[in-house]
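Take a look at the structure below.
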Amino acid sequence: MTRKFDIAVVGVSGLVGAAMLDLLHERDFPLGKVFPLDVGEAAGGTASFGRRELPVGDVARFDFSQVQLALFSAGPAVAAEYAPKAAVEGCVVIDNSTAFRLDPEVPLVVPEVNPQDLAKHDVRGIVANPTCTVTLLALALKPLLDAAGIERVNVATYQAVSGSGIKAVEELGRQTADLLSFREIKPEVYGRQIAFNVLPRIDEVEEGGHTGEELRLVRETARLLGESVRVNATAVRVPVFYGHSATVHLETREPLALEVARELLEQAPGLELLDEPSVDGFPTPVTEASGQDAVFVGRLRKDPTHPRGLNLWLTGDNIRKGAALNAVQIAELLSRDYL
């Protein structure tokens with residue numbers, strides 16, 4: 001008889017938390033009881049789980065000794081306060097915030113990339129989910145890294161507004177409607193208009209003029225793939241509801257034929273190669289990625305300016321694959337191999 005696991009999901013009022021609940025139901029996770037939780041005023045209502053509506057508890061009052069796993073997506077402050085408490089009570093936490101991603105005692109995991117690192121989950125009882133763009137990027141880089149090494153990556157990301165939460169999704173919809181109706185807009189989530197615009201800054205500008213999101217791409221990719229993989233990143237917010245995309249220019253350490261790279265990407269877990277020279281032969285966030293589990297790769301071609309250069313395009317659902325599914329896949333591996 002398959003063992004069942006009781007799970008808490010923290011942050012169910014958010015896009016990622018709600019998607020975690022959906023995926024736990026869709027993927028037939030060996031669930032016993034599921035406890036939707038949230039913070040403050042967000043607690044007290046109900047959350048959808050399949051055809052059921054479950055009461056949403058307050059994380060501050062929850063006894064984590066009742067569950068074996070907890071999926072957190074309620075921000076770094078909540079994670080920093082409650083994840084260690086949950087771990088002390090014997091619950092393994094999978095956290096989607098920035099709170100533990102660079103902690104050397106906390107494994108940062110993408111199951112298709114470095115599942116072996118889950119063996120260190122018991123050091124602190126916490127596993128970190130990478131930022132969604134890093135998850136998508138690492139899936140595409142991993143097979144090429146294993147085959148030929150990677151010396152350097154230049155990446156420009158084009159990130160959907162859902163990466164900023166439900167209020168940003170609503171703002172893009174509202175601004176679009178207002179502009180098409182010749183009404184004045186009032187930016188709130190973003191300091192400037194996002195509809196029919198692109199914003200070349202995600203998060204605050206930090207050291208050297210890089211933004212927080214760009215530094216996450218650099219640091220978290222190095223944790224996942226190794227410090228020898230050097231990343232130079234530019235992160236841009238675009239007026240798309242769901243689906244992050246990226247233009248990737250990489251330099252391998254060893255020569256890698258284009259057809260070999262194509263075969264590697266076709267065979268890699270979690271990826272789908274869509275790379276035909278036709279009007280609909282390349283993937284986009286709306287037509288392919290949104291609502292899907294795979295990361296889609298296309299526009300594969302050699303860099304004419306570098307003997308070991310390779311260019312590609314990728315896109316994936318930032319909420320589903322970039323965050324929620326990665327956390328649920330971690331939970332699946334933990335339940336199968338470690339708990």
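We name chains A, B, ... following the order of the structure tokens; residues begin at 1 in each chain, and ligands are numbered from 1 as shown.
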message = Among range 85-176 of chain A, which ones does DSSP assign to strand (DSSP E or B) (computed from the backbone)? Answer as a ChimeraX atom specification.
response = /A:92-95,108,126-128,150-159
Residues just named, written with N, CA, C and O atoms as a PDB file, in the first residue's frame:
```pdb
ATOM      1  N   VAL A  92       9.538  18.719   6.421  1.00  0.00           N
ATOM      2  CA  VAL A  92      10.475  19.187   5.399  1.00  0.00           C
ATOM      3  C   VAL A  92       9.809  20.302   4.599  1.00  0.00           C
ATOM      4  O   VAL A  92       8.697  20.122   4.083  1.00  0.00           O
ATOM      5  N   VAL A  93      10.480  21.436   4.504  1.00  0.00           N
ATOM      6  CA  VAL A  93       9.933  22.617   3.833  1.00  0.00           C
ATOM      7  C   VAL A  93      10.546  22.761   2.452  1.00  0.00           C
ATOM      8  O   VAL A  93      11.763  22.629   2.277  1.00  0.00           O
ATOM      9  N   ILE A  94       9.702  23.040   1.461  1.00  0.00           N
ATOM     10  CA  ILE A  94      10.154  23.423   0.118  1.00  0.00           C
ATOM     11  C   ILE A  94       9.728  24.868  -0.069  1.00  0.00           C
ATOM     12  O   ILE A  94       8.534  25.173  -0.117  1.00  0.00           O
ATOM     13  N   ASP A  95      10.695  25.769  -0.138  1.00  0.00           N
ATOM     14  CA  ASP A  95      10.389  27.198  -0.114  1.00  0.00           C
ATOM     15  C   ASP A  95      10.638  27.843  -1.462  1.00  0.00           C
ATOM     16  O   ASP A  95      11.689  27.663  -2.075  1.00  0.00           O
ATOM     17  N   LEU A 108      19.527  23.950  -3.281  1.00  0.00           N
ATOM     18  CA  LEU A 108      18.736  24.639  -4.301  1.00  0.00           C
ATOM     19  C   LEU A 108      18.552  23.641  -5.436  1.00  0.00           C
ATOM     20  O   LEU A 108      19.541  23.178  -6.021  1.00  0.00           O
ATOM     21  N   ILE A 126      15.103  22.081   4.984  1.00  0.00           N
ATOM     22  CA  ILE A 126      14.557  23.037   4.021  1.00  0.00           C
ATOM     23  C   ILE A 126      15.204  22.793   2.664  1.00  0.00           C
ATOM     24  O   ILE A 126      16.416  22.569   2.577  1.00  0.00           O
ATOM     25  N   VAL A 127      14.396  22.851   1.610  1.00  0.00           N
ATOM     26  CA  VAL A 127      14.877  22.813   0.225  1.00  0.00           C
ATOM     27  C   VAL A 127      14.389  24.090  -0.448  1.00  0.00           C
ATOM     28  O   VAL A 127      13.239  24.504  -0.256  1.00  0.00           O
ATOM     29  N   ALA A 128      15.258  24.735  -1.245  1.00  0.00           N
ATOM     30  CA  ALA A 128      14.898  25.986  -1.903  1.00  0.00           C
ATOM     31  C   ALA A 128      14.545  25.758  -3.364  1.00  0.00           C
ATOM     32  O   ALA A 128      15.196  24.971  -4.064  1.00  0.00           O
ATOM     33  N   ILE A 150      30.220  24.667 -20.283  1.00  0.00           N
ATOM     34  CA  ILE A 150      29.780  26.016 -20.641  1.00  0.00           C
ATOM     35  C   ILE A 150      30.714  27.010 -19.970  1.00  0.00           C
ATOM     36  O   ILE A 150      30.924  26.969 -18.760  1.00  0.00           O
ATOM     37  N   GLU A 151      31.268  27.872 -20.781  1.00  0.00           N
ATOM     38  CA  GLU A 151      32.201  28.869 -20.272  1.00  0.00           C
ATOM     39  C   GLU A 151      31.500  30.158 -19.881  1.00  0.00           C
ATOM     40  O   GLU A 151      31.811  30.767 -18.865  1.00  0.00           O
ATOM     41  N   ARG A 152      30.511  30.545 -20.683  1.00  0.00           N
ATOM     42  CA  ARG A 152      29.908  31.865 -20.477  1.00  0.00           C
ATOM     43  C   ARG A 152      28.510  31.879 -21.062  1.00  0.00           C
ATOM     44  O   ARG A 152      28.244  31.261 -22.086  1.00  0.00           O
ATOM     45  N   VAL A 153      27.600  32.607 -20.390  1.00  0.00           N
ATOM     46  CA  VAL A 153      26.227  32.735 -20.856  1.00  0.00           C
ATOM     47  C   VAL A 153      25.831  34.205 -20.803  1.00  0.00           C
ATOM     48  O   VAL A 153      25.959  34.860 -19.763  1.00  0.00           O
ATOM     49  N   ASN A 154      25.361  34.719 -21.930  1.00  0.00           N
ATOM     50  CA  ASN A 154      24.701  36.021 -21.962  1.00  0.00           C
ATOM     51  C   ASN A 154      23.218  35.759 -22.132  1.00  0.00           C
ATOM     52  O   ASN A 154      22.813  35.096 -23.097  1.00  0.00           O
ATOM     53  N   VAL A 155      22.409  36.267 -21.226  1.00  0.00           N
ATOM     54  CA  VAL A 155      20.977  35.992 -21.289  1.00  0.00           C
ATOM     55  C   VAL A 155      20.190  37.285 -21.082  1.00  0.00           C
ATOM     56  O   VAL A 155      20.505  38.087 -20.208  1.00  0.00           O
ATOM     57  N   ALA A 156      19.195  37.495 -21.934  1.00  0.00           N
ATOM     58  CA  ALA A 156      18.231  38.576 -21.752  1.00  0.00           C
ATOM     59  C   ALA A 156      16.877  37.926 -21.541  1.00  0.00           C
ATOM     60  O   ALA A 156      16.428  37.122 -22.366  1.00  0.00           O
ATOM     61  N   THR A 157      16.238  38.225 -20.428  1.00  0.00           N
ATOM     62  CA  THR A 157      14.948  37.611 -20.112  1.00  0.00           C
ATOM     63  C   THR A 157      13.817  38.600 -20.364  1.00  0.00           C
ATOM     64  O   THR A 157      13.968  39.812 -20.164  1.00  0.00           O
ATOM     65  N   TYR A 158      12.685  38.054 -20.799  1.00  0.00           N
ATOM     66  CA  TYR A 158      11.484  38.845 -21.088  1.00  0.00           C
ATOM     67  C   TYR A 158      10.373  38.263 -20.225  1.00  0.00           C
ATOM     68  O   TYR A 158       9.777  37.242 -20.569  1.00  0.00           O
ATOM     69  N   GLN A 159      10.129  38.914 -19.085  1.00  0.00           N
ATOM     70  CA  GLN A 159       9.355  38.283 -18.031  1.00  0.00           C
ATOM     71  C   GLN A 159       7.935  38.825 -17.931  1.00  0.00           C
ATOM     72  O   GLN A 159       7.706  40.036 -17.922  1.00  0.00           O
TER      73      GLN A 159
END
```
inquiry  = What's around Pro107 in chain A at 8 Å? Count only C-alpha atoms, leave out sequence neighbours fewer than 3 positions away in its own chain, and write the answer as JSON, numbers by chain.
reply    = {"A": [101, 103, 104, 117, 118, 120, 121, 126, 127, 128]}
Write a file of the just-selected residues containing all heavy atoms, as a PDB file, in the first residue's frame.
```
ATOM      1  N   ARG A 101      17.785  30.603  -0.810  1.00  0.00           N
ATOM      2  CA  ARG A 101      18.372  30.126  -2.066  1.00  0.00           C
ATOM      3  C   ARG A 101      19.895  30.155  -2.079  1.00  0.00           C
ATOM      4  O   ARG A 101      20.524  29.341  -2.770  1.00  0.00           O
ATOM      5  CB  ARG A 101      17.840  30.953  -3.237  1.00  0.00           C
ATOM      6  CG  ARG A 101      16.378  30.676  -3.553  1.00  0.00           C
ATOM      7  CD  ARG A 101      15.896  31.590  -4.647  1.00  0.00           C
ATOM      8  NE  ARG A 101      14.464  31.427  -4.917  1.00  0.00           N
ATOM      9  CZ  ARG A 101      13.727  32.337  -5.526  1.00  0.00           C
ATOM     10  NH1 ARG A 101      14.282  33.469  -5.932  1.00  0.00           N
ATOM     11  NH2 ARG A 101      12.439  32.116  -5.725  1.00  0.00           N
ATOM     12  N   ASP A 103      21.739  30.013   0.784  1.00  0.00           N
ATOM     13  CA  ASP A 103      22.224  29.411   2.029  1.00  0.00           C
ATOM     14  C   ASP A 103      22.965  28.119   1.685  1.00  0.00           C
ATOM     15  O   ASP A 103      22.382  27.191   1.122  1.00  0.00           O
ATOM     16  CB  ASP A 103      21.042  29.110   2.950  1.00  0.00           C
ATOM     17  CG  ASP A 103      21.462  28.648   4.335  1.00  0.00           C
ATOM     18  OD1 ASP A 103      22.516  27.976   4.451  1.00  0.00           O
ATOM     19  OD2 ASP A 103      20.734  28.931   5.304  1.00  0.00           O
ATOM     20  N   PRO A 104      24.270  28.013   2.003  1.00  0.00           N
ATOM     21  CA  PRO A 104      25.030  26.810   1.633  1.00  0.00           C
ATOM     22  C   PRO A 104      24.538  25.534   2.305  1.00  0.00           C
ATOM     23  O   PRO A 104      24.860  24.434   1.849  1.00  0.00           O
ATOM     24  CB  PRO A 104      26.461  27.152   2.060  1.00  0.00           C
ATOM     25  CG  PRO A 104      26.312  28.228   3.095  1.00  0.00           C
ATOM     26  CD  PRO A 104      25.100  29.010   2.701  1.00  0.00           C
ATOM     27  N   ASP A 117      21.166  16.548  -5.056  1.00  0.00           N
ATOM     28  CA  ASP A 117      21.353  17.494  -3.957  1.00  0.00           C
ATOM     29  C   ASP A 117      20.260  17.388  -2.899  1.00  0.00           C
ATOM     30  O   ASP A 117      20.417  17.900  -1.787  1.00  0.00           O
ATOM     31  CB  ASP A 117      21.419  18.927  -4.490  1.00  0.00           C
ATOM     32  CG  ASP A 117      22.740  19.223  -5.194  1.00  0.00           C
ATOM     33  OD1 ASP A 117      23.622  18.336  -5.188  1.00  0.00           O
ATOM     34  OD2 ASP A 117      22.890  20.321  -5.751  1.00  0.00           O
ATOM     35  N   LEU A 118      19.161  16.703  -3.214  1.00  0.00           N
ATOM     36  CA  LEU A 118      18.111  16.506  -2.211  1.00  0.00           C
ATOM     37  C   LEU A 118      18.584  15.648  -1.051  1.00  0.00           C
ATOM     38  O   LEU A 118      17.958  15.658   0.013  1.00  0.00           O
ATOM     39  CB  LEU A 118      16.878  15.867  -2.855  1.00  0.00           C
ATOM     40  CG  LEU A 118      15.958  16.810  -3.624  1.00  0.00           C
ATOM     41  CD1 LEU A 118      14.829  16.027  -4.262  1.00  0.00           C
ATOM     42  CD2 LEU A 118      15.402  17.886  -2.711  1.00  0.00           C
ATOM     43  N   LYS A 120      20.813  16.311   0.786  1.00  0.00           N
ATOM     44  CA  LYS A 120      21.197  17.246   1.859  1.00  0.00           C
ATOM     45  C   LYS A 120      19.993  17.969   2.449  1.00  0.00           C
ATOM     46  O   LYS A 120      20.157  18.942   3.183  1.00  0.00           O
ATOM     47  CB  LYS A 120      22.204  18.259   1.303  1.00  0.00           C
ATOM     48  CG  LYS A 120      23.502  17.635   0.807  1.00  0.00           C
ATOM     49  CD  LYS A 120      24.462  18.667   0.269  1.00  0.00           C
ATOM     50  CE  LYS A 120      24.026  19.173  -1.093  1.00  0.00           C
ATOM     51  NZ  LYS A 120      25.025  20.064  -1.740  1.00  0.00           N
ATOM     52  N   HIS A 121      18.789  17.491   2.156  1.00  0.00           N
ATOM     53  CA  HIS A 121      17.590  18.174   2.650  1.00  0.00           C
ATOM     54  C   HIS A 121      17.498  18.172   4.168  1.00  0.00           C
ATOM     55  O   HIS A 121      16.870  19.051   4.766  1.00  0.00           O
ATOM     56  CB  HIS A 121      16.334  17.519   2.077  1.00  0.00           C
ATOM     57  CG  HIS A 121      15.988  16.224   2.736  1.00  0.00           C
ATOM     58  ND1 HIS A 121      16.565  15.027   2.366  1.00  0.00           N
ATOM     59  CD2 HIS A 121      15.137  15.933   3.759  1.00  0.00           C
ATOM     60  CE1 HIS A 121      16.087  14.067   3.137  1.00  0.00           C
ATOM     61  NE2 HIS A 121      15.223  14.580   3.972  1.00  0.00           N
ATOM     62  N   ILE A 126      15.103  22.081   4.984  1.00  0.00           N
ATOM     63  CA  ILE A 126      14.557  23.037   4.021  1.00  0.00           C
ATOM     64  C   ILE A 126      15.204  22.793   2.664  1.00  0.00           C
ATOM     65  O   ILE A 126      16.416  22.569   2.577  1.00  0.00           O
ATOM     66  CB  ILE A 126      14.800  24.495   4.466  1.00  0.00           C
ATOM     67  CG1 ILE A 126      14.166  24.761   5.835  1.00  0.00           C
ATOM     68  CG2 ILE A 126      14.266  25.485   3.430  1.00  0.00           C
ATOM     69  CD1 ILE A 126      14.555  26.104   6.431  1.00  0.00           C
ATOM     70  N   VAL A 127      14.396  22.851   1.610  1.00  0.00           N
ATOM     71  CA  VAL A 127      14.877  22.813   0.225  1.00  0.00           C
ATOM     72  C   VAL A 127      14.389  24.090  -0.448  1.00  0.00           C
ATOM     73  O   VAL A 127      13.239  24.504  -0.256  1.00  0.00           O
ATOM     74  CB  VAL A 127      14.337  21.588  -0.534  1.00  0.00           C
ATOM     75  CG1 VAL A 127      14.837  21.586  -1.977  1.00  0.00           C
ATOM     76  CG2 VAL A 127      14.738  20.299   0.170  1.00  0.00           C
ATOM     77  N   ALA A 128      15.258  24.735  -1.245  1.00  0.00           N
ATOM     78  CA  ALA A 128      14.898  25.986  -1.903  1.00  0.00           C
ATOM     79  C   ALA A 128      14.545  25.758  -3.364  1.00  0.00           C
ATOM     80  O   ALA A 128      15.196  24.971  -4.064  1.00  0.00           O
ATOM     81  CB  ALA A 128      16.038  26.992  -1.794  1.00  0.00           C
TER      82      ALA A 128
END
```
Which of A:Leu225, A:Leu339, A:Gly316, A:Gly309 sits closest to Glu288 in chain A [using only C-alpha atoms] =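 Among A:Leu225, A:Leu339, A:Gly316, A:Gly309, it is A:Gly316 that comes nearest to Glu288 in chain A.
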key: Near-Gln329 in chain A list (12 Å; only C-alpha atoms; drop same-chain fewer than 2 positions) as a PyMOL selection string   = chain A and resi 20+23-24+27-29+71+94+109-113+115+118+127+129+270+293+320-327+331-336
Export, as an mmCIF file, in the first residue's frame, the selected residues with N, CA and C atoms.
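What ended up in part11.cif:
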```cif
data_model
loop_
_atom_site.group_PDB
_atom_site.id
_atom_site.type_symbol
_atom_site.label_atom_id
_atom_site.label_comp_id
_atom_site.auth_asym_id
_atom_site.auth_seq_id
_atom_site.Cartn_x
_atom_site.Cartn_y
_atom_site.Cartn_z
ATOM 1 N N MET A 20 0.234 25.384 -6.814
ATOM 2 C CA MET A 20 0.737 24.224 -6.070
ATOM 3 C C MET A 20 -0.403 23.288 -5.678
ATOM 4 N N LEU A 23 -1.657 21.438 -8.765
ATOM 5 C CA LEU A 23 -0.745 20.400 -9.239
ATOM 6 C C LEU A 23 -0.718 19.195 -8.310
ATOM 7 N N LEU A 24 -0.806 19.419 -7.017
ATOM 8 C CA LEU A 24 -0.879 18.292 -6.080
ATOM 9 C C LEU A 24 -2.084 17.422 -6.399
ATOM 10 N N ARG A 27 -1.573 15.737 -10.267
ATOM 11 C CA ARG A 27 -0.522 14.741 -10.450
ATOM 12 C C ARG A 27 -0.683 13.523 -9.535
ATOM 13 N N ASP A 28 -1.822 13.438 -8.864
ATOM 14 C CA ASP A 28 -2.090 12.281 -8.000
ATOM 15 C C ASP A 28 -0.969 12.042 -7.000
ATOM 16 N N PHE A 29 -0.508 13.127 -6.406
ATOM 17 C CA PHE A 29 0.491 13.003 -5.334
ATOM 18 C C PHE A 29 -0.098 12.120 -4.229
ATOM 19 N N LEU A 71 4.898 23.224 1.525
ATOM 20 C CA LEU A 71 5.296 24.016 0.370
ATOM 21 C C LEU A 71 4.988 25.475 0.683
ATOM 22 N N ILE A 94 9.702 23.040 1.461
ATOM 23 C CA ILE A 94 10.154 23.423 0.118
ATOM 24 C C ILE A 94 9.728 24.868 -0.069
ATOM 25 N N VAL A 109 17.312 23.293 -5.772
ATOM 26 C CA VAL A 109 17.095 22.099 -6.594
ATOM 27 C C VAL A 109 16.133 22.347 -7.754
ATOM 28 N N VAL A 110 16.518 21.860 -8.917
ATOM 29 C CA VAL A 110 15.619 21.630 -10.048
ATOM 30 C C VAL A 110 15.702 20.130 -10.314
ATOM 31 N N PRO A 111 14.632 19.374 -10.134
ATOM 32 C CA PRO A 111 14.729 17.915 -10.175
ATOM 33 C C PRO A 111 15.353 17.334 -11.435
ATOM 34 N N GLU A 112 15.145 17.947 -12.606
ATOM 35 C CA GLU A 112 15.755 17.439 -13.828
ATOM 36 C C GLU A 112 17.242 17.786 -13.926
ATOM 37 N N VAL A 113 17.720 18.677 -13.054
ATOM 38 C CA VAL A 113 19.095 19.177 -13.153
ATOM 39 C C VAL A 113 19.994 18.591 -12.072
ATOM 40 N N PRO A 115 18.965 16.451 -8.944
ATOM 41 C CA PRO A 115 18.175 15.751 -7.923
ATOM 42 C C PRO A 115 19.014 15.178 -6.803
ATOM 43 N N LEU A 118 19.161 16.703 -3.214
ATOM 44 C CA LEU A 118 18.111 16.506 -2.211
ATOM 45 C C LEU A 118 18.584 15.648 -1.051
ATOM 46 N N VAL A 127 14.396 22.851 1.610
ATOM 47 C CA VAL A 127 14.877 22.813 0.225
ATOM 48 C C VAL A 127 14.389 24.090 -0.448
ATOM 49 N N ASN A 129 13.505 26.441 -3.807
ATOM 50 C CA ASN A 129 13.110 26.520 -5.215
ATOM 51 C C ASN A 129 13.852 27.701 -5.842
ATOM 52 N N GLY A 270 12.006 17.517 -19.451
ATOM 53 C CA GLY A 270 11.437 18.822 -19.149
ATOM 54 C C GLY A 270 11.467 19.810 -20.285
ATOM 55 N N ASP A 293 3.605 22.201 -18.809
ATOM 56 C CA ASP A 293 4.656 21.764 -17.886
ATOM 57 C C ASP A 293 6.056 21.877 -18.465
ATOM 58 N N ARG A 320 3.600 28.044 -13.405
ATOM 59 C CA ARG A 320 3.428 26.600 -13.346
ATOM 60 C C ARG A 320 4.786 25.883 -13.289
ATOM 61 N N LYS A 321 5.530 25.870 -14.387
ATOM 62 C CA LYS A 321 6.799 25.149 -14.390
ATOM 63 C C LYS A 321 7.875 25.885 -13.612
ATOM 64 N N GLY A 322 7.920 27.197 -13.770
ATOM 65 C CA GLY A 322 9.004 27.942 -13.138
ATOM 66 C C GLY A 322 8.986 27.911 -11.634
ATOM 67 N N ALA A 323 7.812 27.663 -11.036
ATOM 68 C CA ALA A 323 7.723 27.730 -9.573
ATOM 69 C C ALA A 323 6.959 26.551 -8.984
ATOM 70 N N ALA A 324 5.639 26.480 -9.262
ATOM 71 C CA ALA A 324 4.789 25.507 -8.574
ATOM 72 C C ALA A 324 5.145 24.068 -8.913
ATOM 73 N N LEU A 325 5.307 23.764 -10.199
ATOM 74 C CA LEU A 325 5.603 22.381 -10.583
ATOM 75 C C LEU A 325 6.966 21.957 -10.071
ATOM 76 N N ASN A 326 7.938 22.846 -10.118
ATOM 77 C CA ASN A 326 9.258 22.487 -9.605
ATOM 78 C C ASN A 326 9.175 22.086 -8.134
ATOM 79 N N ALA A 327 8.392 22.836 -7.352
ATOM 80 C CA ALA A 327 8.238 22.515 -5.927
ATOM 81 C C ALA A 327 7.539 21.173 -5.736
ATOM 82 N N ALA A 331 8.796 17.674 -4.021
ATOM 83 C CA ALA A 331 8.020 16.920 -3.026
ATOM 84 C C ALA A 331 7.860 15.461 -3.448
ATOM 85 N N GLU A 332 7.648 15.228 -4.741
ATOM 86 C CA GLU A 332 7.507 13.858 -5.234
ATOM 87 C C GLU A 332 8.782 13.058 -5.015
ATOM 88 N N LEU A 333 9.933 13.658 -5.301
ATOM 89 C CA LEU A 333 11.208 12.965 -5.106
ATOM 90 C C LEU A 333 11.468 12.704 -3.619
ATOM 91 N N LEU A 334 11.186 13.700 -2.791
ATOM 92 C CA LEU A 334 11.383 13.512 -1.359
ATOM 93 C C LEU A 334 10.513 12.377 -0.834
ATOM 94 N N SER A 335 9.253 12.368 -1.248
ATOM 95 C CA SER A 335 8.331 11.329 -0.753
ATOM 96 C C SER A 335 8.723 9.948 -1.245
ATOM 97 N N ARG A 336 9.300 9.881 -2.434
ATOM 98 C CA ARG A 336 9.679 8.591 -3.015
ATOM 99 C C ARG A 336 10.994 8.057 -2.462
#
```
Surrounding residues of range 259-266 of chain A excluding itself and chain neighbours under 5 positions, 9 Å, only C-alpha atoms, as a PyMOL selection string = chain A and resi 140-141+143-144+147+271-274+297+300+310
Resulting file, chosen residues, C-alpha atoms, as a tab-separated table (two decimals), in the first residue's frame:
```tsv
chain	number	residue	atom	x	y	z
A	140	ALA	CA	18.02	24.29	-21.22
A	141	LEU	CA	21.66	24.66	-20.18
A	143	PRO	CA	22.29	18.96	-21.33
A	144	LEU	CA	24.69	21.30	-23.14
A	147	ALA	CA	28.10	17.42	-23.18
A	271	LEU	CA	12.22	20.34	-22.56
A	272	GLU	CA	10.40	20.44	-25.88
A	273	LEU	CA	12.27	21.55	-28.99
A	274	LEU	CA	10.15	23.53	-31.45
A	297	VAL	CA	13.27	25.80	-26.90
A	300	LEU	CA	18.75	27.17	-32.23
A	310	LEU	CA	25.43	28.85	-29.66
```
Residue neighbourhood Ile202 in chain A, 10 Å, only C-alpha atoms, exclusion window fewer than 4 positions, as a list in words =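 Close residues of Ile202 in chain A: Gln159, Gly163, Ser164, Tyr190, His210, Thr211, Gly212, Glu213, Glu214, Thr234, Ala235, Val236 and Arg237 of chain A.
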ask   = Within 10 Å of His25 in chain A, counting only C-alpha atoms, which residues qualify if same-chain residues fewer than 6 places away don't, as number ranges by chain?
value = A: 19, 31, 49-51
task = Just the residues within 8 Å of Cys91 in chain A, please, counting only C-alpha atoms, with nothing from its chain fewer than 2 positions along; format it as a list in words.
result =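 Selected residues are Phe64, Ser65, Val67, Gln68, Leu69, Ala70, Ala86, Ala87, Val88, Glu89, Val93 and Gly125 of chain A.
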query = When distances are computed from only C-alpha atoms, which of A:Ala168, A:Asn318, A:Val328, A:Thr133 shows the smallest separation from Val248 in chain A?
reply =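 The closest residue to Val248 in chain A is A:Thr133.
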request  = Would you list, as a ChimeraX atom specification, the residues of range 56-138 of chain A that end up in helix (DSSP H, G or I) under DSSP run on this structure's backbone?
outcome  = /A:59-61,64-66,76-88,115-120,132-138
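For the pair CA of Phe241 in chain A and CA of Val59 in chain A, the separation is 29.0 Å.
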key: For CA of Leu21 in chain A and CA of Val238 in chain A, the interatomic separation in Å (one decimal)   =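 Those two atoms sit 27.2 Å apart.
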request  = Calculate how many Å separate CA of Ala99 in chain A from CA of Val78 in chain A, rounding to one decimal.
outcome  = 9.0 Å
remark   = Residue with the minimum atom-to-atom distance to Glu53 in chain A, picked from A:Thr252, A:Pro36, A:Ser13, A:Tyr242 with only C-alpha atoms counted, is A:Pro36
request  = Name the closest residue to Arg253 in chain A among the candidates A:Ser181, A:Phe35, A:Pro307, A:Asn197; distances are taken between atoms, counting only C-alpha atoms.
outcome  =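 For Arg253 in chain A, the nearest of the given residues is A:Pro307.
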ask   = Looking at only C-alpha atoms, which of A:Ala60, A:Thr2, A:Val12, A:Thr135 is the one that sits closest to Ala47 in chain A?
value = A:Val12
